[in-house]
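K.L.:
Please read through the structure below; I'll follow up with questions.
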Amino acid sequence: MAILQVNNVKKVFTTRFSGYRVEALRDISFSVEEGEYVAIMGESGSGKTTLLNILATLDTPTSGEVLLDGAPMGNIKEQQLAAFRRDNLGFVFQDFNLLDTFSIRDNIYLPLVLGGKMGHAEMARRIQPLAEQLAILPILDKFPYEVSGGEKQRAAVARALITNPRLLLADEPTGQLDSNATASLLAMFEQVNRLGQTILMVTHSTKAASHAGRVLFIRDGQIFHQLYRGDLGKDEMYQRIADAQTALMTGGVVA
């Protein structure tokens, strides 16, 4: 069953004074099945960040629609958007977006506190298995400036998952990590995906994308190609992605 459906989405930006129009997205259509792990790739300016912002309800399409669990996200009233994001979407950002004045524990609790529907005992019950799974139990009472980049990113993943989101959205999640922390994060994403979490990740990294079950390539605001992992190993998937990226950059055709 499709958890996310994107139908003929178009996004046009118009400059305020000159009226110059930029078509960032052109007739984008795809679906994401429940439990899928999908990566979106494209060069800077290809439209992938614009698409992610629309999926996150941070922007609206000029035309077309996005449905989550069959319900049009465009029908959500402005005053209800924050609650909708908190209850349905988990976010993992490249720059972590942790508050330095909060402990790691309180940063993870934050979306639950903002929801105002859960007591401390239930929050503690939720954080325990996540902290164990993500290997952050020893740092829960530390502050973000006291831990490594990889630990910050794992804390950010825990914060995204603690609400049990329908969809986990990740924006360049390995962009500020070293190779060891990147490998740890990607293994973690695979693990939570195996447990049933649906993931949609925007990335420039061929290595990161090679861990996904499907890769969508965007060029000039359109879906240019998609690649399914199937029975491919990571090395073979990596090479297929690299070949598709070469075609993207040269304007060629993917074999």
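Following the order of the structure tokens, first chain is A, next is B, and so on, with residues numbered from 1 inside each chain and ligands from 1 in the order they appear.
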Give me the residues of region 37-112 of chain A that have any atom at most 12 Å from an atom of region 185-194 of chain A; for each, the nearest atom pair and the distance in Å, rounded to one decimal. Use only C-alpha atoms, sort by chain and number, and format it as CSV.

P.N.:
residue,atom,partner,partner_atom,distance
A:Tyr37,CA,A:Asn193,CA,6.7
A:Val38,CA,A:Asn193,CA,10.4
A:Ala39,CA,A:Phe189,CA,11.7
A:Val92,CA,A:Phe189,CA,11.0
A:Gln94,CA,A:Leu185,CA,12.0

K.L.:
Where does DSSP see strand (DSSP E) in region 27-93 of chain A, if you list the residues as a PyMOL selection string?

P.N.:
chain A and resi 27-33+37-41+63-68+71-72+89-93

K.L.:
When you count only C-alpha atoms, which of these residues is closest to Ile223 (chain A): A:Phe93, A:Phe30, A:Tyr20, A:Phe13?

P.N.:
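Using only C-alpha atoms, the shortest distance to Ile223 (chain A) belongs to A:Phe30.
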
K.L.:
Applying 9 Å and only C-alpha atoms, which residues near Ala170 (chain A) remain after dropping the ones on its own chain fewer than 4 positions away? List them as a compact mmCIF listing (two decimals) with all heavy atoms, in the first residue's frame.

P.N.:
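Full text of selection27.txt as output:
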# COMPACT_ATOMS: atom_id res chain seq x y z
N LEU A 52 11.52 18.05 -1.32
CA LEU A 52 11.51 17.66 0.08
C LEU A 52 10.71 18.64 0.92
O LEU A 52 9.95 18.25 1.81
CB LEU A 52 12.94 17.54 0.61
CG LEU A 52 13.06 17.00 2.04
CD1 LEU A 52 12.68 15.52 2.08
CD2 LEU A 52 14.47 17.19 2.58
N GLY A 90 8.76 12.50 10.65
CA GLY A 90 9.99 12.64 11.42
C GLY A 90 11.05 13.26 10.53
O GLY A 90 11.12 12.95 9.34
N PHE A 91 11.86 14.16 11.09
CA PHE A 91 12.84 14.89 10.29
C PHE A 91 14.25 14.65 10.82
O PHE A 91 14.50 14.77 12.02
CB PHE A 91 12.56 16.39 10.32
CG PHE A 91 11.22 16.78 9.75
CD1 PHE A 91 10.12 16.88 10.57
CD2 PHE A 91 11.06 17.02 8.39
CE1 PHE A 91 8.88 17.23 10.05
CE2 PHE A 91 9.84 17.36 7.87
CZ PHE A 91 8.74 17.47 8.70
N VAL A 92 15.17 14.34 9.90
CA VAL A 92 16.59 14.25 10.24
C VAL A 92 17.32 15.21 9.30
O VAL A 92 17.28 15.05 8.08
CB VAL A 92 17.14 12.82 10.05
CG1 VAL A 92 18.62 12.76 10.41
CG2 VAL A 92 16.35 11.83 10.90
N PHE A 93 17.99 16.21 9.89
CA PHE A 93 18.63 17.26 9.11
C PHE A 93 20.14 17.09 9.09
O PHE A 93 20.74 16.53 10.00
CB PHE A 93 18.29 18.64 9.69
CG PHE A 93 16.82 18.93 9.74
CD1 PHE A 93 16.10 18.75 10.91
CD2 PHE A 93 16.15 19.40 8.63
CE1 PHE A 93 14.75 19.03 10.97
CE2 PHE A 93 14.80 19.68 8.67
CZ PHE A 93 14.09 19.49 9.84
N GLN A 94 20.77 17.67 8.06
CA GLN A 94 22.22 17.62 7.94
C GLN A 94 22.91 18.28 9.13
O GLN A 94 23.93 17.80 9.60
CB GLN A 94 22.65 18.32 6.64
CG GLN A 94 24.14 18.36 6.42
CD GLN A 94 24.52 19.01 5.11
OE1 GLN A 94 25.70 19.13 4.80
NE2 GLN A 94 23.55 19.44 4.31
N ILE A 199 11.25 5.35 4.96
CA ILE A 199 12.28 6.40 4.93
C ILE A 199 12.37 7.00 3.52
O ILE A 199 12.39 6.28 2.53
CB ILE A 199 13.66 5.84 5.31
CG1 ILE A 199 13.63 5.21 6.71
CG2 ILE A 199 14.73 6.94 5.26
CD1 ILE A 199 14.93 4.50 7.08
N LEU A 200 12.41 8.33 3.46
CA LEU A 200 12.69 9.03 2.21
C LEU A 200 13.86 9.97 2.49
O LEU A 200 13.75 10.85 3.33
CB LEU A 200 11.47 9.79 1.71
CG LEU A 200 11.58 10.29 0.26
CD1 LEU A 200 10.21 10.28 -0.41
CD2 LEU A 200 12.17 11.69 0.20
N MET A 201 14.96 9.77 1.79
CA MET A 201 16.20 10.49 2.06
C MET A 201 16.68 11.24 0.82
O MET A 201 16.77 10.67 -0.26
CB MET A 201 17.29 9.50 2.50
CG MET A 201 18.69 10.06 2.62
SD MET A 201 19.90 8.82 3.21
CE MET A 201 19.87 7.63 1.85
N VAL A 202 16.97 12.53 0.98
CA VAL A 202 17.62 13.31 -0.06
C VAL A 202 19.11 13.31 0.21
O VAL A 202 19.55 13.59 1.33
CB VAL A 202 17.08 14.76 -0.07
CG1 VAL A 202 17.99 15.66 -0.90
CG2 VAL A 202 15.66 14.79 -0.63
N THR A 203 19.91 12.97 -0.80
CA THR A 203 21.35 12.86 -0.56
C THR A 203 22.15 13.13 -1.84
O THR A 203 21.67 12.86 -2.95
CB THR A 203 21.72 11.47 -0.01
OG1 THR A 203 23.11 11.43 0.27
CG2 THR A 203 21.35 10.36 -0.97

K.L.:
Would you mind writing down, as a PyMOL selection string, each residue of region 32-244 of chain A that DSSP on the backbone assigns to alpha helix (DSSP H)?

P.N.:
chain A and resi 48-55+81-88+104-115+120-133+149-161+179-194+206-209+234-244

K.L.:
I need the residue nearest Pro111 (chain A) from this list: A:Ile136, A:Ala158, A:Ala244, A:Met41. Use only C-alpha atoms for the distance.

P.N.:
A:Ala158

K.L.:
May I ask for the distance between CA of Gln226 (chain A) and CA of Arg240 (chain A), given in Å to one decimal place?

P.N.:
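CA of Arg240 (chain A) lies at a distance of 10.6 Å from CA of Gln226 (chain A).
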
K.L.:
Using only C-alpha atoms, can you tell me which of A:Glu151, A:Asp220, A:Asp231, A:Glu23 comes closest to Ser63 (chain A)?

P.N.:
A:Glu23
